[in-house]
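S.K.: This is entry.cif, which holds mmCIF, C-alpha atoms:
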```cif
data_start
#
loop_
_atom_site.label_atom_id
_atom_site.label_comp_id
_atom_site.auth_asym_id
_atom_site.auth_seq_id
_atom_site.Cartn_x
_atom_site.Cartn_y
_atom_site.Cartn_z
CA MET A 4 86.21 18.57 7.52
CA ILE A 5 86.45 14.93 6.46
CA THR A 6 87.42 14.19 2.86
CA PHE A 7 87.34 11.00 0.78
CA GLU A 8 89.21 10.83 -2.52
CA SER A 9 88.88 8.24 -5.24
CA GLU A 10 90.98 7.11 -8.15
CA TYR A 11 90.69 9.67 -10.95
CA LYS A 12 89.29 8.53 -14.30
CA ASN A 13 88.90 10.96 -17.17
CA PHE A 14 86.06 10.77 -19.71
CA ASN A 15 87.98 8.52 -22.11
CA GLN A 16 88.72 6.01 -19.37
CA ARG A 17 85.08 6.00 -18.33
CA LEU A 18 83.84 5.75 -21.92
CA PHE A 19 86.10 2.85 -22.88
CA SER A 20 85.49 0.78 -19.76
CA LEU A 21 84.84 -2.95 -19.57
CA LYS A 22 81.18 -2.34 -18.69
CA ASN A 23 80.66 -0.40 -21.92
CA LEU A 24 82.53 -3.05 -23.91
CA LEU A 25 80.13 -5.71 -22.60
CA PHE A 26 77.23 -3.49 -23.62
CA LEU A 27 78.71 -3.33 -27.13
CA VAL A 28 78.98 -7.12 -27.25
CA ASN A 29 75.30 -7.38 -26.33
CA LEU A 30 74.47 -4.98 -29.17
CA ILE A 31 76.39 -7.16 -31.62
CA VAL A 32 74.53 -10.26 -30.44
CA ILE A 33 71.17 -8.50 -30.83
CA SER A 34 72.22 -7.30 -34.28
CA SER A 35 72.99 -10.82 -35.40
CA VAL A 36 69.55 -11.96 -34.25
CA ILE A 37 67.92 -9.29 -36.45
CA ILE A 38 69.59 -10.72 -39.56
CA ILE A 39 67.87 -14.08 -38.95
CA PHE A 40 64.44 -12.51 -39.60
CA ASN A 41 65.14 -12.29 -43.37
CA LEU A 42 64.25 -8.63 -43.65
CA SER A 43 65.30 -6.58 -46.63
CA ILE A 44 68.69 -4.88 -46.49
CA PHE A 45 67.01 -1.47 -46.17
CA TYR A 46 65.17 -2.47 -42.97
CA ILE A 47 68.24 -4.16 -41.52
CA ILE A 48 70.32 -1.01 -42.07
CA ILE A 49 67.64 1.19 -40.47
CA ILE A 50 67.30 -1.10 -37.45
CA GLU A 51 71.10 -1.33 -37.06
CA LEU A 52 71.48 2.46 -37.22
CA PHE A 53 68.69 2.87 -34.69
CA LEU A 54 70.33 0.39 -32.30
CA LEU A 55 73.73 2.02 -32.77
CA THR A 56 72.26 5.45 -32.00
CA ILE A 57 70.63 4.15 -28.83
CA PHE A 58 73.87 2.42 -27.87
CA VAL A 59 75.93 5.59 -28.29
CA PHE A 60 73.39 7.69 -26.36
CA ILE A 61 73.26 5.23 -23.44
CA ILE A 62 77.04 4.81 -23.24
CA ILE A 63 77.76 8.54 -23.33
CA ASN A 64 75.00 9.30 -20.83
CA ARG A 65 76.25 6.61 -18.46
CA SER A 66 79.90 7.69 -18.75
CA LYS A 67 79.61 11.46 -18.70
CA SER A 68 79.70 12.15 -14.94
CA ASN A 69 81.93 10.97 -12.12
CA ILE A 70 82.43 12.08 -8.51
CA ASP A 71 86.09 12.15 -7.41
CA ILE A 72 86.10 13.81 -3.99
CA ILE A 73 83.48 13.82 -1.23
CA SER A 74 83.85 16.10 1.78
CA PHE A 75 81.72 16.45 4.89
CA LYS A 76 81.72 19.90 6.45
CA GLU A 77 79.28 20.93 9.17
CA ASN A 78 75.81 20.28 7.68
CA ASN A 79 76.92 20.00 4.06
CA ILE A 80 78.34 17.46 1.67
CA ILE A 81 80.73 18.86 -0.90
CA LEU A 82 80.89 16.79 -4.08
CA ASN A 83 83.73 17.39 -6.54
CA GLY A 84 83.40 15.70 -9.88
CA GLU A 85 83.38 16.20 -13.57
CA THR A 86 80.95 15.98 -16.44
CA PHE A 87 82.77 14.91 -19.57
CA ASN A 88 86.12 16.61 -18.73
CA THR A 89 84.68 19.74 -17.09
CA LYS A 90 85.21 19.90 -13.33
CA TRP A 91 82.39 20.99 -11.00
CA GLU A 92 81.67 21.32 -7.31
CA LYS A 93 78.29 20.87 -5.68
CA ILE A 94 77.39 21.66 -2.08
CA ILE A 95 74.33 19.88 -0.72
CA ASN A 96 72.66 20.07 2.65
CA ILE A 97 72.84 16.78 4.54
CA LYS A 98 69.42 17.28 6.15
CA GLU A 99 67.74 17.42 2.71
CA THR A 100 69.59 14.40 1.37
CA GLN A 101 68.95 10.67 1.63
CA ILE A 102 71.56 7.97 1.11
CA GLU A 103 71.17 4.42 -0.17
CA ILE A 104 73.85 1.76 -0.22
CA GLN A 105 73.44 -0.72 -3.06
CA SER A 106 75.32 -3.63 -4.58
CA ILE A 107 75.56 -5.25 -7.97
CA GLY A 108 76.03 -8.99 -7.72
CA SER A 109 78.39 -10.99 -9.85
CA LYS A 110 78.78 -14.50 -11.19
CA GLN A 111 82.10 -14.55 -9.36
CA GLY A 112 80.28 -14.33 -6.06
CA LEU A 113 81.21 -11.87 -3.37
CA ARG A 114 84.63 -11.19 -4.91
CA GLY A 115 83.07 -9.60 -8.01
CA ALA A 116 80.33 -7.66 -6.21
CA ILE A 117 80.35 -3.89 -6.70
CA PHE A 118 79.09 -1.59 -3.97
CA TYR A 119 77.93 1.97 -4.61
CA LEU A 120 76.05 4.81 -2.96
CA ILE A 121 73.14 6.89 -4.20
CA LEU A 122 72.68 10.38 -2.76
CA LYS A 123 69.13 11.59 -3.32
CA ASN A 124 68.45 15.27 -3.00
CA LYS A 125 65.32 17.26 -3.87
CA LYS A 126 66.90 18.42 -7.11
CA ASP A 127 69.35 15.72 -8.17
CA ASN A 128 70.57 12.19 -7.59
CA TYR A 129 74.28 11.38 -7.42
CA ILE A 130 75.84 7.95 -7.83
CA ILE A 131 79.11 7.39 -6.01
CA ASN A 132 81.41 4.61 -7.23
CA SER A 133 79.68 4.00 -10.54
CA PHE A 134 83.11 3.42 -12.13
CA GLU A 135 84.62 1.46 -9.23
CA THR A 136 86.95 4.28 -8.27
CA TYR A 137 86.38 4.03 -4.51
CA SER A 138 87.53 1.09 -2.40
CA ASP A 139 85.01 -0.99 -0.48
CA GLU A 140 86.39 0.43 2.77
CA GLY A 141 85.91 3.94 1.37
CA ILE A 142 82.27 3.25 0.48
CA MET A 143 81.66 1.93 3.98
CA GLN A 144 83.36 4.94 5.59
CA ILE A 145 81.46 7.45 3.44
CA PHE A 146 78.16 5.76 4.32
CA ASN A 147 78.98 5.70 8.06
CA GLU A 148 80.12 9.35 8.05
CA PHE A 149 76.92 10.42 6.27
CA LYS A 150 74.79 8.62 8.85
CA LYS A 151 76.87 10.12 11.68
CA PHE A 152 76.62 13.69 10.31
CA LYS A 153 72.89 13.32 9.68
CA ASP A 154 72.43 11.61 13.05
CA GLU A 155 70.48 8.69 11.57
CA LYS A 156 70.46 5.09 12.64
CA ILE A 157 71.51 2.34 10.24
CA ILE A 158 68.51 0.16 9.38
CA ILE A 159 68.64 -3.62 8.98
CA ASP A 160 68.82 -3.64 5.17
CA GLU A 161 71.73 -1.22 5.23
CA ARG A 162 73.46 -3.22 7.94
CA LEU A 163 73.20 -6.36 5.78
CA VAL A 164 74.92 -4.62 2.87
CA LEU A 165 77.60 -3.28 5.23
CA LEU A 166 78.17 -6.82 6.54
CA ARG A 167 78.58 -8.06 2.94
CA ILE A 168 81.16 -5.35 2.32
CA GLN A 169 82.99 -6.29 5.52
CA GLU A 170 82.91 -9.96 4.51
CA LYS A 171 84.33 -9.10 1.08
CA ILE A 172 87.11 -7.06 2.67
CA GLU A 173 88.05 -9.87 5.03
CA LYS A 174 87.86 -12.75 2.55
CA CYS A 175 89.00 -11.20 -0.73
CA GLN A 176 92.16 -9.26 0.08
#
```
Now, as a test, write the supplied structure out as structure tokens.

M.R.:
Amino acid sequence: MITFESEYKNFNQRLFSLKNLLFLVNLIVISSVIIIFNLSIFYIIIIELFLLTIFVFIIINRSKSNIDIISFKENNIILNGETFNTKWEKIINIKETQIEIQSIGSKQGLRGAIFYLILKNKKDNYIINSFETYSDEGIMQIFNEFKKFKDEKIIIDERLVLLRIQEKIEKCQ
């Protein structure tokens, strides 16, 4: 059995992250634009409450789940995580699961790029490293182990992302 562990972040740490703070700043900017339209106070309050409700829903939905530990055992992947602060464990068959390696670019260039994995199963999708809790080496190792256990070849697009991760590791340590 091969196990990968990440840095643990509880719900409060996930909720009050920098990503969510930037989302709040965008909400404030949008709110200030609404005031320019010279609407009555009643409409402004309704629109602001509507935007705040959407903001809270999106932030909580985005922050509620995290995967801490990933284990590969025989033909299964064992995911240990938590939703809000309730721990759970999910066992998925590797043969019924697809993996995608993705990246989010940054204005800082390669140094600020964030790499994450998406596990797609018939029933659910799981995002690994959505809160930057795994290292870049860890993401690469998880991806390679998945491909090895499933006995799949790495396609060109995936290889390009892996090369970007390797380049980030070498240049940005």

S.K.: Which residue out of A:Ile104, A:Glu10, A:Thr136, A:Ile117 has the minimum interatomic distance to Ile158 (chain A) when all atoms listed in the file are used?

M.R.: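 The answer is A:Ile104, which sits nearest to Ile158 (chain A).
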
S.K.: For Ile72 (chain A), please output as a list in words all residues within 9 Å (counting only C-alpha atoms; exclusion window: fewer than 3 positions along the same chain).

M.R.: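 Once the adjacent positions are removed, what remains is Thr6, Phe7, Glu8, Ser9, Ile81, Leu82, Asn83 and Gly84 of chain A.
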
S.K.: Once the PyMOL selection byres ((chain A and resi 89) around 12) is applied to the coordinates I shared, what remains selected? I want it as an NGL selection string.

M.R.: :A and (13-14 or 67-70 or 83-88 or 90-92)

S.K.: So the first atom is CA of Ile33 (chain A) and the second is CA of Ile62 (chain A); what is the distance between them in Å, to one decimal place?

M.R.: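 Between CA of Ile33 (chain A) and CA of Ile62 (chain A) the gap works out to 16.4 Å.
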
S.K.: Report, in Å with one decimal, the straight-line distance from CA of Leu166 (chain A) to CA of Ile80 (chain A).

M.R.: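 These atoms are spaced 24.8 Å apart.
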
S.K.: Which distance in Å separates CA of Leu122 (chain A) and CA of Ile102 (chain A), to one decimal?

M.R.: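 According to the coordinates, CA of Leu122 (chain A) and CA of Ile102 (chain A) are separated by 4.7 Å.
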
S.K.: Given 6 Å on each side, where is the centre and what are the edge lengths in Å to one decimal of the axis-aligned box enclosing the listed atoms of region 139-145 of chain A, as JSON?

M.R.:
```
{"center_x": 83.9, "center_y": 3.2, "center_z": 2.6, "size_x": 16.9, "size_y": 20.4, "size_z": 18.1}
```

S.K.: Once the PyMOL selection byres ((chain A and resi 138-152) around 10) is applied to the coordinates I shared, what remains selected? I want it as a PyMOL selection string.

M.R.: chain A and resi 5-10+73-80+97-98+100-104+116-122+131-132+135-137+153-157+161+164-166+168-169+171-172

S.K.: Go through A:Cys175, A:Val32, A:Leu21, A:Lys12 and flag the residue nearest Arg114 (chain A), using all atoms listed in the file for the distances.

M.R.: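 Checking each candidate against Arg114 (chain A), we get A:Cys175 as the closest.
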
S.K.: Exactly which residues make up the result of the PyMOL selection byres ((chain A and resi 63) around 12) on this file, given as JSON, numbers by chain?

M.R.: {"A": [14, 15, 16, 17, 18, 19, 20, 23, 56, 57, 58, 59, 60, 61, 62, 64, 65, 66, 67, 68, 86, 87]}

S.K.: Nearest residue to Ile31 (chain A) out of A:Leu55, A:Ile95, A:Met4, A:Leu163, using all atoms listed in the file?

M.R.: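 The closest residue to Ile31 (chain A) is A:Leu55.
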
S.K.: Could you rebuild region 109-120 of chain A with all heavy atoms and give it back as a short mmCIF file (atom, residue, chain, number, x, y, z; two decimals), keeping the file's coordinate frame?

M.R.:
```
data_model
loop_
_atom_site.label_atom_id
_atom_site.label_comp_id
_atom_site.auth_asym_id
_atom_site.auth_seq_id
_atom_site.Cartn_x
_atom_site.Cartn_y
_atom_site.Cartn_z
N SER A 109 77.53 -10.51 -8.78
CA SER A 109 78.39 -10.99 -9.85
C SER A 109 78.36 -12.51 -9.90
O SER A 109 78.08 -13.17 -8.89
CB SER A 109 79.83 -10.51 -9.61
OG SER A 109 80.71 -11.11 -10.51
N LYS A 110 78.68 -13.05 -11.06
CA LYS A 110 78.78 -14.50 -11.19
C LYS A 110 79.97 -15.03 -10.42
O LYS A 110 80.05 -16.21 -10.11
CB LYS A 110 78.89 -14.90 -12.66
CG LYS A 110 77.65 -14.63 -13.45
CD LYS A 110 77.83 -15.03 -14.89
CE LYS A 110 76.58 -14.68 -15.68
NZ LYS A 110 76.73 -14.98 -17.11
N GLN A 111 80.92 -14.16 -10.12
CA GLN A 111 82.10 -14.55 -9.36
C GLN A 111 81.82 -14.64 -7.87
O GLN A 111 82.71 -14.95 -7.09
CB GLN A 111 83.22 -13.54 -9.59
CG GLN A 111 83.66 -13.43 -11.02
CD GLN A 111 84.64 -12.28 -11.21
OE1 GLN A 111 84.86 -11.48 -10.30
NE2 GLN A 111 85.20 -12.20 -12.39
N GLY A 112 80.63 -14.32 -7.47
CA GLY A 112 80.28 -14.33 -6.06
C GLY A 112 80.61 -13.02 -5.40
O GLY A 112 80.61 -11.96 -6.03
N LEU A 113 80.95 -13.07 -4.14
CA LEU A 113 81.21 -11.87 -3.37
C LEU A 113 82.42 -11.11 -3.88
O LEU A 113 82.46 -9.88 -3.85
CB LEU A 113 81.41 -12.24 -1.90
CG LEU A 113 81.50 -11.12 -0.90
CD1 LEU A 113 80.23 -10.27 -0.94
CD2 LEU A 113 81.73 -11.66 0.49
N ARG A 114 83.41 -11.83 -4.42
CA ARG A 114 84.63 -11.19 -4.91
C ARG A 114 84.35 -10.20 -6.03
O ARG A 114 84.99 -9.17 -6.13
CB ARG A 114 85.61 -12.26 -5.39
CG ARG A 114 86.94 -11.70 -5.83
CD ARG A 114 87.81 -12.77 -6.36
NE ARG A 114 87.19 -13.29 -7.58
CZ ARG A 114 87.67 -14.28 -8.29
NH1 ARG A 114 88.75 -14.89 -7.91
NH2 ARG A 114 87.07 -14.67 -9.39
N GLY A 115 83.38 -10.46 -6.88
CA GLY A 115 83.07 -9.60 -8.01
C GLY A 115 81.97 -8.59 -7.74
O GLY A 115 81.61 -7.81 -8.62
N ALA A 116 81.41 -8.59 -6.54
CA ALA A 116 80.33 -7.66 -6.21
C ALA A 116 80.84 -6.22 -6.19
O ALA A 116 81.97 -5.96 -5.78
CB ALA A 116 79.71 -8.02 -4.86
N ILE A 117 80.01 -5.30 -6.66
CA ILE A 117 80.35 -3.89 -6.70
C ILE A 117 79.37 -3.16 -5.79
O ILE A 117 78.16 -3.32 -5.91
CB ILE A 117 80.24 -3.34 -8.14
CG1 ILE A 117 81.18 -4.08 -9.06
CG2 ILE A 117 80.54 -1.84 -8.15
CD1 ILE A 117 80.93 -3.82 -10.53
N PHE A 118 79.91 -2.35 -4.91
CA PHE A 118 79.09 -1.59 -3.97
C PHE A 118 79.14 -0.11 -4.34
O PHE A 118 80.20 0.41 -4.69
CB PHE A 118 79.58 -1.81 -2.54
CG PHE A 118 79.51 -3.24 -2.11
CD1 PHE A 118 80.61 -4.07 -2.21
CD2 PHE A 118 78.31 -3.76 -1.64
CE1 PHE A 118 80.53 -5.40 -1.83
CE2 PHE A 118 78.22 -5.09 -1.27
CZ PHE A 118 79.34 -5.92 -1.37
N TYR A 119 77.98 0.55 -4.27
CA TYR A 119 77.93 1.97 -4.61
C TYR A 119 76.89 2.66 -3.75
O TYR A 119 76.07 2.02 -3.10
CB TYR A 119 77.65 2.18 -6.10
CG TYR A 119 76.32 1.63 -6.57
CD1 TYR A 119 75.23 2.47 -6.70
CD2 TYR A 119 76.16 0.29 -6.90
CE1 TYR A 119 74.01 2.00 -7.14
CE2 TYR A 119 74.95 -0.19 -7.34
CZ TYR A 119 73.88 0.64 -7.45
OH TYR A 119 72.67 0.17 -7.87
N LEU A 120 76.96 3.99 -3.74
CA LEU A 120 76.05 4.81 -2.96
C LEU A 120 75.23 5.70 -3.88
O LEU A 120 75.72 6.15 -4.92
CB LEU A 120 76.83 5.71 -2.00
CG LEU A 120 77.71 5.01 -0.97
CD1 LEU A 120 78.59 6.02 -0.26
CD2 LEU A 120 76.87 4.25 0.02
#
```
